[in-house]
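K.L.:
Have a look at the structure that comes next, please.
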Amino acid sequence: MTKFARLALAGLLAMAAGGIAWADDAQKAKIGVLRLSSSAPVFIAQDKGYFREAGLDIELKFFDAAQPIAVATTSGDVDFGITAFTAGLYNLAGKGTLKVIGGMSREKAGYPLIGYFASNNAYAAGLKTPKDLAGKRIAVTQVGSSFHYSLGLLADKYGFKLADVKVLPLQSLSNAAAALKGETVDAALLPISTARSLVDSGGAKFLGWVGDETPWQLGAVFAAPKTLANHAMVTKLLAALARADREYHDVILASVKGGKAEINDKTKPLLEIIAKYTNLPVEQVVGNCAYIDPDGKLDVKNVDNQIAWLQDQGFVDKGFAADAIIAKEYVKAD
Amino acid sequence: MPSARCSMLERAPQDDRVTEVRPVAFRGAGFVPKAGRASGWTALALVIALWQLAGSAGWVNPLFLPAPSAIAVALYKLAMSGALWQHVSASVVRIGSGWLLGTVAGVIIGFAIGLSTLARGVGITFISALFPIPKIALLPLLILWLGIGEEPKIATIALGVFFSTAISVYSGVDAVPRNLIRMAQSFNVPFHAIVTRVIWPGALPSILAGFRITASVALLLVVSAEMIGAQFGIGAFVLQAGNLMQTDQLLAGVVILSLFGLAVGKAINVLETRLLHWR
Amino acid sequence: MTDRKRTHMDLIADHISHRFGGLDVLDHVSFTVASGEVVAIVGPSGCGKSTLLSILGGLLRPSEGRAELRGAPPADSLNPLTFVFQDFALLPWCTVEANVEFPLVHTALDAATRRAVVDDALKRTGLTDFRGAYPKQLSGGMRQRVGIARALAVRPAILLMDEPLSALDSQTRELLMEDFIRLLADGAMGAVYVTHNLEEAVRLADRIVVLSRRPGRVREIVDIPMTRAERGAIDARGKLLALQNDLWSLIREEAIDAEREVQHA
């Protein structure tokens with residue numbers, strides 16, 4: 001009898017506490033993320049309460065570059081990281097300090113993200129398509145970056161040697177844009193967000209999109225081994241993300257035509273969420289929608305290819321392949 | 001009270017308790033630090049030994065802090081591959097020419113500010129306005145103006161060196177004792193000779209002190225300078241190692257930079273003892 | 001030096017006034033230093049003695065009046081009006097020899113002549129053995145001897161000496177005073193000797209210009225009725241002391257006032 005009374009009392013108290021008890025039960029976790037639309041599902045899941053409904057209390061930590069997210073995940077400052085694959089990330093993962101648990105953005109035909117751009121002079125001199133990049137001086141941000149790898153894929157596709165291209169690391173997008181505008185390089189790989197104003201003002205010429213030329217797995221969700229041990233939390237996170245992935249895919253990506261998402265009654269709420277988190281007007285968000293697999297799948301074969309390529313270039317330590325850095329129990333392979 | 005104390009003193013010799021002799025306690029110790037050569041090196045060796053121990057014993061993650069031995073291995077590999085010399089020579093050329101350019105311009109402008117009222121008014125205003133601008137913020141502009149060849153790299157270093165040099169030169173000129181200049185004037189020594197034989201040597205101590213700073217500035221800036229499309233150079237090497245999270249190589253590059261710093265410091269010591277032996 | 005032809009060149013202070021900002025320092029000071037004459041300028045501190053000397057030597061432009069030269073300096077004089085400074089004003093990065101040669105380098109003299117002139121100046125000041133030394137290695141007295149040697153090297157007609165002994169201890173002062181008496185003995189060189197030390201003034205000067213406290217005016221010009229040679233005699237001592245006391249009584253009241261004055265910031 002007393003036992004029942006106690007239970008009833010506990011139940012009453014819990015009901016009285018309401019939302020507060022709800023928050024106390026939720027598992028706390030931090031996600032390191034960039035303010036880019038390639039992380040759109042994270043913003044959707046956070047804003048629409050999908051994490052909360054899955055029993056997670058997520059705090060988003062915003063970073064300026066991909067590398068620090070990987071480092072912060074390794075050091076435990078964030079529990080999960082969502083960003084692009086880089087040589088630095090693979091070097092960390094190769095030492096066993098973090099593992100990939102799911103896929104995120106991809107370069108895919110029809111969804112512009114990174115493009116090839118020519119300087120006006122080089123364009124006039126005959127650099128009109130990505131194929132013509134062989135033998136040119138090309139600016140990238142950093143060696144071993146997504147841009148560098150995209151160029152490597154292009155070289156493979158058109159059968160020229162990357163060694164014939166003069167790759168110039170300029171450390172930042174603004175430096176690369178300045179070099180292109182100042183005619184000191186023939187071409188540069190730039191994200192659409194940086195390149196748009198440059199092309200619109202006549203400072204550079206558009207050559208093509210990486211996604212159209214060489215689709216590949218650009219970004220991923222990853223976690224430190226310590227986080228992986230918390231099986232329940234990882235599963236909840238991935239489920240919430242998959243829900244947002246699906247919604248993003250079916251609503252926004254399905255409306256993309258000519259590289260731009262439509263603005264209509266269905267897409268608008270989601271676009272506004274993305275706009276809020278990326279600090280961009282909706283009009284810019286629509287032209288900047290990264291492709292993300294609706295089931296959060298990861299292109300494991302491509303990850304393997306990335307690692308092998310970076311190892312060949314000497315940017316990543318040799319001696320491991322994709323399976324060593326992927327948490328198989330979580331990853332849905334493509 | 002004073003009278004009581006007085007009488008006590010007069011009585012003192014007769015008092016048994018006060019006849020005992022004791023030394024005046026020494027209280028002038030401390031406040032004269034000396035530069036100990038040995039202690040500095042010992043401390044450095046100790047820190048390195050502790051660091052190595054922490055690495056070998058697994059107290060720290062080698063990714064976050066590679067052990068000295070790992071850095072030494074990275075250096076050795078770099079030297080064996082021949083890339084080390086490419087990196088070092090590319091950087092030395094940039095640092096050397098940038099420093100020289102900045103120094104020559106800084107000395108000329110510094111002297112102008114120190115000697116002419118007009119140049120002083122204009123120069124100090126410009127230096128105050130431009131000196132605090134972080135040169136790294138100007139990189140995109142430098143690329144637009146000078147491209148991505150050697151020019152913007154050398155210009156980055158030269159700019160950083162120029163301001164510090166100009167400031168140390170004009171404060172050096174200001175610090176030349178006025179009585180020496182008046183003395184020279186009283187002997188009808190012509191202006192150019194006062195500049196070369198009184199003001200230049202008089203300002204030399206602070207000019208050399210300025211060199212010590214600008215040499216470090218040049219070393220600091222080589223990393224920024226080599227952000228601009230450099231394929232070789234210690235700065236480019238450090239940047240690349242950072243981008244690729246190769247922390248052992250990153251620290252190997254840092255070690256090379258500090259060796260540069262030590263070498264430059266030594267060279268300036270030699271210059272000082274040769275040129276300022278009269279001090 | 002001693003065999004050079006005597007010519008006449010007088011230095012004249014002609015109603016010199018000076019003010020620094022709003023502060024009157026000198027007020028219509030006039031006197032003449034005749035060729036070969038030694039004139040001491042004394043007065044309470046802050047009376048503008050050193051300012052006056054700078055004006056006489058052309059290092060400072062007076063607010064009113066002017067310094068004038070009458071007659072021609074000796075033909076071989078390279079710098080007729082030559083300073084000896086209180087703080088010696090030696091170039092610390094030059095050896096004794098180079099310091100003495102410093103005012104000669106930009107003259108028409110050839111290297112050999114310069115060397116001979118420097119050697120002579122070093123010999124007359126007893127510095128021959130110290131020619132390679134740097135100023136920091138020398139005592140205060142030796143440093144001032146370098147300053148004197150440098151002045152002698154340009155063969156001045158009139159030495160302008162600005163408290164040349166006041167940075168030195170009393171024994172060194174005595175030794176250098178003897179040097180001055182010897183160097184000025186032949187009357188080939190005149191001198192203006194600024195000092196606050198009345199004993200030095202009485203021992204060295206032919207005439208003493210007594211300035212009042214600020215703004216400095218000429219209160220009195222006192223003749224010393226003895227040659228410098230005569231002043232060395234024992235029986236001259238009393239007379240000189242009496243002179244010194246007379247001077248002191250002229251200055252004393254004002255020296256007290258000058259000392260009590262609060263400096264304008």
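Each chain of the structure tokens is named A, B, ... in the order shown, its residues numbered from 1; ligands are numbered from 1 in display order.
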Which neighbours of Thr125 (chain C) fall inside 12 Å, counting only C-alpha atoms, when residues of the same chain fewer than 5 positions from it are skipped, and could you give them as a ChimeraX atom specification?
P.N.:
/C:96,100,118-120,130-131,141-153,175-176,178-180,182-183
K.L.:
DSSP on the backbone: which residues in region 16-176 of chain A end up as strand (DSSP E)? Give the answer as an NGL selection string.
P.N.:
:A and (27-34 or 56-63 or 80-84 or 99-103 or 105-107 or 114-118 or 137-140 or 166-169)
K.L.:
Specify as a ChimeraX atom specification all residues of chain A found within 10 Å of chain B, counting only C-alpha atoms.
P.N.:
/A:67-68,70-71,74-75,86-92,95,97,138-145,166-185,315-317
K.L.:
Those residues you just picked out, can you put them in a file as a CSV table (one decimal), in the first residue's frame with N, CA and C atoms?
P.N.:
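Output (again.csv):
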chain,number,residue,atom,x,y,z
A,67,GLN,N,38.8,22.0,-39.8
A,67,GLN,CA,39.9,21.4,-39.0
A,67,GLN,C,39.6,21.5,-37.5
A,68,PRO,N,39.3,22.7,-37.0
A,68,PRO,CA,39.1,22.8,-35.6
A,68,PRO,C,37.9,21.9,-35.0
A,70,ALA,N,37.3,18.9,-36.1
A,70,ALA,CA,37.9,17.6,-35.9
A,70,ALA,C,38.8,17.6,-34.6
A,71,VAL,N,39.5,18.6,-34.4
A,71,VAL,CA,40.4,18.7,-33.2
A,71,VAL,C,39.6,18.7,-32.0
A,74,THR,N,38.2,15.3,-31.2
A,74,THR,CA,39.3,14.5,-30.6
A,74,THR,C,39.5,14.8,-29.2
A,75,SER,N,39.5,16.1,-28.9
A,75,SER,CA,39.9,16.5,-27.5
A,75,SER,C,38.7,16.4,-26.5
A,86,THR,N,38.9,16.2,-44.5
A,86,THR,CA,40.1,16.8,-44.9
A,86,THR,C,41.2,15.9,-44.6
A,87,ALA,N,42.4,16.2,-45.1
A,87,ALA,CA,43.6,15.4,-44.8
A,87,ALA,C,43.8,15.4,-43.3
A,88,GLY,N,43.7,16.5,-42.7
A,88,GLY,CA,43.9,16.6,-41.3
A,88,GLY,C,43.0,15.7,-40.5
A,89,LEU,N,41.7,15.7,-40.9
A,89,LEU,CA,40.7,14.8,-40.2
A,89,LEU,C,41.1,13.4,-40.4
A,90,TYR,N,41.6,13.0,-41.6
A,90,TYR,CA,42.0,11.6,-41.8
A,90,TYR,C,43.2,11.3,-40.9
A,91,ASN,N,44.1,12.2,-40.8
A,91,ASN,CA,45.3,11.9,-40.0
A,91,ASN,C,44.9,11.7,-38.5
A,92,LEU,N,43.9,12.5,-38.0
A,92,LEU,CA,43.4,12.3,-36.7
A,92,LEU,C,42.7,10.9,-36.6
A,95,LYS,N,44.8,7.8,-36.4
A,95,LYS,CA,45.4,7.6,-35.1
A,95,LYS,C,44.4,7.0,-34.1
A,97,THR,N,41.6,8.5,-33.0
A,97,THR,CA,41.0,9.5,-32.1
A,97,THR,C,39.6,9.9,-32.5
A,138,ILE,N,46.5,26.9,-60.4
A,138,ILE,CA,45.2,26.9,-59.8
A,138,ILE,C,45.3,27.1,-58.3
A,139,ALA,N,44.5,28.1,-57.8
A,139,ALA,CA,44.5,28.4,-56.4
A,139,ALA,C,43.6,27.5,-55.6
A,140,VAL,N,44.0,27.0,-54.5
A,140,VAL,CA,43.1,26.2,-53.5
A,140,VAL,C,43.4,26.9,-52.2
A,141,THR,N,42.6,26.5,-51.2
A,141,THR,CA,42.8,27.1,-49.8
A,141,THR,C,44.0,26.4,-49.2
A,142,GLN,N,44.0,25.1,-49.1
A,142,GLN,CA,45.1,24.4,-48.4
A,142,GLN,C,45.4,23.1,-49.1
A,143,VAL,N,46.6,22.6,-49.0
A,143,VAL,CA,46.9,21.3,-49.5
A,143,VAL,C,46.1,20.3,-48.7
A,144,GLY,N,45.7,19.3,-49.4
A,144,GLY,CA,44.9,18.2,-48.7
A,144,GLY,C,43.5,18.6,-48.4
A,145,SER,N,43.0,19.7,-48.9
A,145,SER,CA,41.6,20.2,-48.6
A,145,SER,C,40.7,19.5,-49.6
A,166,LYS,N,49.9,23.5,-61.4
A,166,LYS,CA,50.5,24.1,-60.3
A,166,LYS,C,49.5,24.5,-59.3
A,167,VAL,N,49.5,23.7,-58.2
A,167,VAL,CA,48.5,24.0,-57.1
A,167,VAL,C,49.1,25.0,-56.1
A,168,LEU,N,48.3,26.1,-55.9
A,168,LEU,CA,48.9,27.1,-55.1
A,168,LEU,C,48.0,27.2,-53.8
A,169,PRO,N,48.5,26.8,-52.7
A,169,PRO,CA,47.7,27.0,-51.4
A,169,PRO,C,47.7,28.4,-50.9
A,170,LEU,N,46.6,29.1,-50.8
A,170,LEU,CA,46.6,30.5,-50.4
A,170,LEU,C,45.9,30.7,-49.0
A,171,GLN,N,45.6,29.6,-48.4
A,171,GLN,CA,45.2,29.5,-47.0
A,171,GLN,C,43.8,30.0,-46.7
A,172,SER,N,43.3,30.9,-47.5
A,172,SER,CA,41.9,31.4,-47.2
A,172,SER,C,41.2,31.6,-48.5
A,173,LEU,N,39.8,31.6,-48.4
A,173,LEU,CA,39.0,31.8,-49.6
A,173,LEU,C,39.2,33.2,-50.1
A,174,SER,N,39.3,34.2,-49.2
A,174,SER,CA,39.5,35.6,-49.7
A,174,SER,C,40.8,35.8,-50.4
A,175,ASN,N,41.8,35.1,-49.9
A,175,ASN,CA,43.1,35.2,-50.7
A,175,ASN,C,43.0,34.5,-52.1
A,176,ALA,N,42.3,33.4,-52.1
A,176,ALA,CA,42.2,32.7,-53.4
A,176,ALA,C,41.3,33.6,-54.4
A,177,ALA,N,40.3,34.2,-53.8
A,177,ALA,CA,39.4,35.0,-54.7
A,177,ALA,C,40.2,36.2,-55.2
A,178,ALA,N,41.0,36.8,-54.3
A,178,ALA,CA,41.8,38.0,-54.7
A,178,ALA,C,42.8,37.6,-55.7
A,179,ALA,N,43.4,36.4,-55.6
A,179,ALA,CA,44.4,36.0,-56.6
A,179,ALA,C,43.8,35.8,-58.0
A,180,LEU,N,42.5,35.3,-58.0
A,180,LEU,CA,41.8,35.0,-59.2
A,180,LEU,C,41.4,36.4,-59.9
A,181,LYS,N,40.9,37.3,-59.0
A,181,LYS,CA,40.5,38.6,-59.5
A,181,LYS,C,41.8,39.4,-60.0
A,182,GLY,N,42.9,39.2,-59.3
A,182,GLY,CA,44.1,39.9,-59.7
A,182,GLY,C,44.9,39.3,-60.8
A,183,GLU,N,44.3,38.2,-61.4
A,183,GLU,CA,44.9,37.6,-62.6
A,183,GLU,C,46.3,36.9,-62.3
A,184,THR,N,46.5,36.6,-61.0
A,184,THR,CA,47.8,36.0,-60.7
A,184,THR,C,47.7,34.5,-60.7
A,185,VAL,N,46.5,34.0,-60.8
A,185,VAL,CA,46.3,32.5,-61.0
A,185,VAL,C,45.4,32.4,-62.2
A,315,PHE,N,49.9,13.3,-48.0
A,315,PHE,CA,49.2,14.2,-47.0
A,315,PHE,C,48.7,13.4,-45.8
A,316,VAL,N,48.4,12.1,-46.0
A,316,VAL,CA,47.9,11.3,-44.9
A,316,VAL,C,48.9,10.2,-44.7
A,317,ASP,N,49.1,9.9,-43.4
A,317,ASP,CA,50.0,8.8,-43.0
A,317,ASP,C,49.5,7.5,-43.6
K.L.:
Let's see if you can do this: from backbone DSSP, list all helix (DSSP H, G or I) residues in region 35-181 of chain B, as number ranges by chain.
P.N.:
B: 37-56, 68-81, 83-115, 117-130, 135-146, 150-175, 178-181
K.L.:
For C-alpha atoms, I'd like the residues from the last selection saved as a CSV table (one decimal), in the first residue's frame.
P.N.:
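So the final result, stored in again21.csv, reads:
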chain,number,residue,atom,x,y,z
B,37,ARG,CA,74.7,31.0,-18.8
B,38,ALA,CA,74.6,27.5,-17.4
B,39,SER,CA,71.3,27.8,-15.6
B,40,GLY,CA,69.5,28.8,-18.8
B,41,TRP,CA,70.8,25.7,-20.7
B,42,THR,CA,70.2,23.4,-17.7
B,43,ALA,CA,66.6,24.5,-17.4
B,44,LEU,CA,66.1,24.0,-21.2
B,45,ALA,CA,67.6,20.5,-21.0
B,46,LEU,CA,65.4,19.7,-18.0
B,47,VAL,CA,62.2,20.9,-19.7
B,48,ILE,CA,63.1,18.8,-22.8
B,49,ALA,CA,63.9,15.7,-20.7
B,50,LEU,CA,60.6,16.1,-18.8
B,51,TRP,CA,58.7,16.5,-22.1
B,52,GLN,CA,60.3,13.4,-23.5
B,53,LEU,CA,59.5,11.5,-20.4
B,54,ALA,CA,55.9,12.6,-20.6
B,55,GLY,CA,55.7,11.4,-24.2
B,56,SER,CA,57.5,8.1,-23.6
B,68,PRO,CA,61.1,15.6,-28.7
B,69,SER,CA,62.3,12.3,-30.1
B,70,ALA,CA,59.3,12.3,-32.6
B,71,ILE,CA,60.2,15.9,-33.6
B,72,ALA,CA,63.9,14.9,-34.0
B,73,VAL,CA,62.8,12.0,-36.3
B,74,ALA,CA,60.6,14.3,-38.3
B,75,LEU,CA,63.5,16.7,-38.7
B,76,TYR,CA,65.8,13.9,-39.7
B,77,LYS,CA,63.4,12.6,-42.3
B,78,LEU,CA,63.0,16.1,-43.6
B,79,ALA,CA,66.8,16.6,-43.9
B,80,MET,CA,67.3,13.2,-45.5
B,81,SER,CA,64.6,13.9,-48.2
B,83,ALA,CA,63.2,19.1,-48.6
B,84,LEU,CA,64.6,20.8,-45.5
B,85,TRP,CA,67.2,22.7,-47.6
B,86,GLN,CA,64.6,23.7,-50.1
B,87,HIS,CA,62.4,25.0,-47.3
B,88,VAL,CA,65.2,26.7,-45.5
B,89,SER,CA,66.8,28.4,-48.5
B,90,ALA,CA,63.4,29.7,-49.8
B,91,SER,CA,62.6,31.2,-46.4
B,92,VAL,CA,66.1,32.6,-45.9
B,93,VAL,CA,65.9,34.5,-49.2
B,94,ARG,CA,62.5,35.9,-48.3
B,95,ILE,CA,63.4,36.8,-44.8
B,96,GLY,CA,66.8,38.3,-45.8
B,97,SER,CA,65.5,40.4,-48.7
B,98,GLY,CA,62.4,41.5,-46.8
B,99,TRP,CA,64.3,42.4,-43.8
B,100,LEU,CA,66.9,44.3,-45.8
B,101,LEU,CA,64.3,46.3,-47.7
B,102,GLY,CA,62.3,47.1,-44.7
B,103,THR,CA,65.4,48.1,-42.7
B,104,VAL,CA,66.9,50.3,-45.4
B,105,ALA,CA,63.6,52.1,-45.9
B,106,GLY,CA,63.0,52.3,-42.1
B,107,VAL,CA,66.5,53.8,-41.5
B,108,ILE,CA,66.0,56.4,-44.2
B,109,ILE,CA,62.5,57.4,-43.0
B,110,GLY,CA,63.6,57.2,-39.3
B,111,PHE,CA,66.5,59.6,-39.9
B,112,ALA,CA,64.2,61.9,-41.8
B,113,ILE,CA,61.8,62.0,-38.9
B,114,GLY,CA,64.6,62.4,-36.5
B,115,LEU,CA,66.1,65.4,-38.4
B,117,THR,CA,60.4,69.0,-38.7
B,118,LEU,CA,58.2,68.4,-41.7
B,119,ALA,CA,59.1,64.7,-42.0
B,120,ARG,CA,58.5,64.4,-38.3
B,121,GLY,CA,54.9,65.8,-38.5
B,122,VAL,CA,54.0,63.7,-41.5
B,123,GLY,CA,56.0,60.6,-40.7
B,124,ILE,CA,54.8,60.1,-37.1
B,125,THR,CA,51.2,60.6,-38.1
B,126,PHE,CA,51.5,58.0,-40.9
B,127,ILE,CA,53.4,55.5,-38.7
B,128,SER,CA,50.9,55.8,-35.9
B,129,ALA,CA,48.1,55.3,-38.3
B,130,LEU,CA,49.6,52.4,-40.3
B,135,LYS,CA,49.6,42.9,-42.1
B,136,ILE,CA,47.8,39.6,-42.4
B,137,ALA,CA,44.5,41.4,-42.9
B,138,LEU,CA,46.1,43.1,-45.9
B,139,LEU,CA,47.1,39.8,-47.6
B,140,PRO,CA,44.2,39.8,-50.1
B,141,LEU,CA,45.1,43.3,-51.1
B,142,LEU,CA,48.8,42.5,-51.4
B,143,ILE,CA,47.8,39.6,-53.6
B,144,LEU,CA,45.7,41.9,-55.8
B,145,TRP,CA,48.6,44.5,-56.1
B,146,LEU,CA,51.6,42.2,-56.3
B,150,GLU,CA,57.9,36.4,-54.3
B,151,GLU,CA,56.9,40.1,-54.3
B,152,PRO,CA,54.0,40.0,-51.8
B,153,LYS,CA,55.9,37.6,-49.5
B,154,ILE,CA,58.9,39.9,-49.4
B,155,ALA,CA,56.6,42.9,-49.1
B,156,THR,CA,54.8,41.4,-46.1
B,157,ILE,CA,58.1,41.0,-44.2
B,158,ALA,CA,59.4,44.3,-45.4
B,159,LEU,CA,56.3,46.1,-44.2
B,160,GLY,CA,56.5,44.6,-40.8
B,161,VAL,CA,60.2,45.4,-40.4
B,162,PHE,CA,59.8,48.9,-41.8
B,163,PHE,CA,57.6,50.3,-39.1
B,164,SER,CA,59.6,48.9,-36.1
B,165,THR,CA,62.8,50.1,-37.7
B,166,ALA,CA,61.6,53.6,-38.4
B,167,ILE,CA,60.4,53.9,-34.9
B,168,SER,CA,63.6,52.6,-33.3
B,169,VAL,CA,65.7,54.8,-35.6
B,170,TYR,CA,64.0,58.0,-34.9
B,171,SER,CA,63.8,57.4,-31.1
B,172,GLY,CA,67.6,56.6,-31.4
B,173,VAL,CA,68.2,59.9,-33.2
B,174,ASP,CA,66.1,61.7,-30.6
B,175,ALA,CA,68.2,60.0,-27.9
B,178,ARG,CA,72.0,67.3,-27.7
B,179,ASN,CA,75.3,68.5,-26.1
B,180,LEU,CA,77.3,66.4,-28.6
B,181,ILE,CA,75.4,68.0,-31.5
K.L.:
Kindly determine which residues of chain C lie within 6 Å of chain B, considering only C-alpha atoms, and give the answer as a PyMOL selection string.
P.N.:
chain C and resi 89+93+103
K.L.:
Name the residues in contact with Tyr193 (chain C) at a cut-off of 7 Å, using only C-alpha atoms, excluding same-chain residues fewer than 6 positions from it; report them as a PyMOL selection string.
P.N.:
chain C and resi 39-41+160-162
K.L.:
Can you spit out the residues from that selection as a PDB file, in the first residue's frame, using N, CA and C atoms?
P.N.:
ATOM      1  N   VAL C  39      88.242  86.893 -19.162  1.00  0.00           N
ATOM      2  CA  VAL C  39      87.133  87.506 -18.439  1.00  0.00           C
ATOM      3  C   VAL C  39      86.307  86.400 -17.797  1.00  0.00           C
ATOM      4  N   ALA C  40      86.121  86.516 -16.496  1.00  0.00           N
ATOM      5  CA  ALA C  40      85.271  85.543 -15.811  1.00  0.00           C
ATOM      6  C   ALA C  40      83.874  86.137 -15.685  1.00  0.00           C
ATOM      7  N   ILE C  41      82.871  85.275 -15.796  1.00  0.00           N
ATOM      8  CA  ILE C  41      81.498  85.721 -15.565  1.00  0.00           C
ATOM      9  C   ILE C  41      80.979  84.963 -14.350  1.00  0.00           C
ATOM     10  N   LEU C 160      85.827  79.669 -24.950  1.00  0.00           N
ATOM     11  CA  LEU C 160      84.597  79.915 -24.208  1.00  0.00           C
ATOM     12  C   LEU C 160      84.408  78.738 -23.254  1.00  0.00           C
ATOM     13  N   MET C 161      84.685  78.984 -21.976  1.00  0.00           N
ATOM     14  CA  MET C 161      84.695  77.855 -21.040  1.00  0.00           C
ATOM     15  C   MET C 161      83.471  77.939 -20.132  1.00  0.00           C
ATOM     16  N   ASP C 162      82.652  76.902 -20.226  1.00  0.00           N
ATOM     17  CA  ASP C 162      81.382  76.875 -19.499  1.00  0.00           C
ATOM     18  C   ASP C 162      81.516  75.975 -18.276  1.00  0.00           C
TER      19      ASP C 162
END
K.L.:
Residues at most 10 Å from Lys157 (chain A), counting only C-alpha atoms, excluding those fewer than 5 positions away in the same chain, as a PDB file with N, CA and C atoms, in the first residue's frame?
P.N.:
ATOM      1  N   LYS A 131      38.009  20.646 -68.165  1.00  0.00           N
ATOM      2  CA  LYS A 131      38.990  19.793 -68.820  1.00  0.00           C
ATOM      3  C   LYS A 131      40.269  20.564 -69.151  1.00  0.00           C
ATOM      4  N   LEU A 151      40.236  18.471 -57.308  1.00  0.00           N
ATOM      5  CA  LEU A 151      41.114  18.666 -58.450  1.00  0.00           C
ATOM      6  C   LEU A 151      41.786  17.352 -58.847  1.00  0.00           C
ATOM      7  N   GLY A 152      42.150  16.568 -57.827  1.00  0.00           N
ATOM      8  CA  GLY A 152      42.752  15.264 -58.085  1.00  0.00           C
ATOM      9  C   GLY A 152      41.782  14.345 -58.832  1.00  0.00           C
ATOM     10  N   GLU A 213      30.995  17.094 -62.388  1.00  0.00           N
ATOM     11  CA  GLU A 213      32.173  16.416 -62.954  1.00  0.00           C
ATOM     12  C   GLU A 213      32.507  15.140 -62.194  1.00  0.00           C
ATOM     13  N   THR A 214      32.668  15.257 -60.898  1.00  0.00           N
ATOM     14  CA  THR A 214      33.147  14.125 -60.098  1.00  0.00           C
ATOM     15  C   THR A 214      32.409  14.079 -58.767  1.00  0.00           C
TER      16      THR A 214
END
K.L.:
Which residues are near Tyr158 (chain A)? Cut-off 12 Å, only C-alpha atoms, ignore same chain within fewer than 2 positions. Put them as a list in words.
P.N.:
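Those residues are Thr129, Pro130, Lys131, Asp132, Leu133, Ala134, Leu151, Gly152, Leu153, Leu154, Ala155, Asp156, Phe160, Lys161, Leu162, Glu213 and Thr214 of chain A.
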K.L.:
Hey, can you spit out that residue selection with C-alpha atoms as a PDB file, in the first residue's frame?
P.N.:
ATOM      1  CA  THR A 129      35.873  24.028 -69.384  1.00  0.00           C
ATOM      2  CA  PRO A 130      37.165  22.064 -66.384  1.00  0.00           C
ATOM      3  CA  LYS A 131      38.990  19.793 -68.820  1.00  0.00           C
ATOM      4  CA  ASP A 132      41.252  22.698 -69.847  1.00  0.00           C
ATOM      5  CA  LEU A 133      42.639  23.036 -66.320  1.00  0.00           C
ATOM      6  CA  ALA A 134      45.534  20.691 -67.166  1.00  0.00           C
ATOM      7  CA  LEU A 151      41.114  18.666 -58.450  1.00  0.00           C
ATOM      8  CA  GLY A 152      42.752  15.264 -58.085  1.00  0.00           C
ATOM      9  CA  LEU A 153      39.484  13.560 -59.082  1.00  0.00           C
ATOM     10  CA  LEU A 154      39.239  15.858 -62.099  1.00  0.00           C
ATOM     11  CA  ALA A 155      42.784  14.955 -63.145  1.00  0.00           C
ATOM     12  CA  ASP A 156      41.896  11.267 -62.937  1.00  0.00           C
ATOM     13  CA  PHE A 160      46.041  14.499 -66.877  1.00  0.00           C
ATOM     14  CA  LYS A 161      48.597  14.380 -64.121  1.00  0.00           C
ATOM     15  CA  LEU A 162      48.017  16.481 -61.041  1.00  0.00           C
ATOM     16  CA  GLU A 213      32.173  16.416 -62.954  1.00  0.00           C
ATOM     17  CA  THR A 214      33.147  14.125 -60.098  1.00  0.00           C
TER      18      THR A 214
END
K.L.:
What is the distance, in Å and to one decimal place, between CA of Val176 (chain B) and CA of Pro62 (chain C)?
P.N.:
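Computing it gives 25.1 Å between the two atoms.
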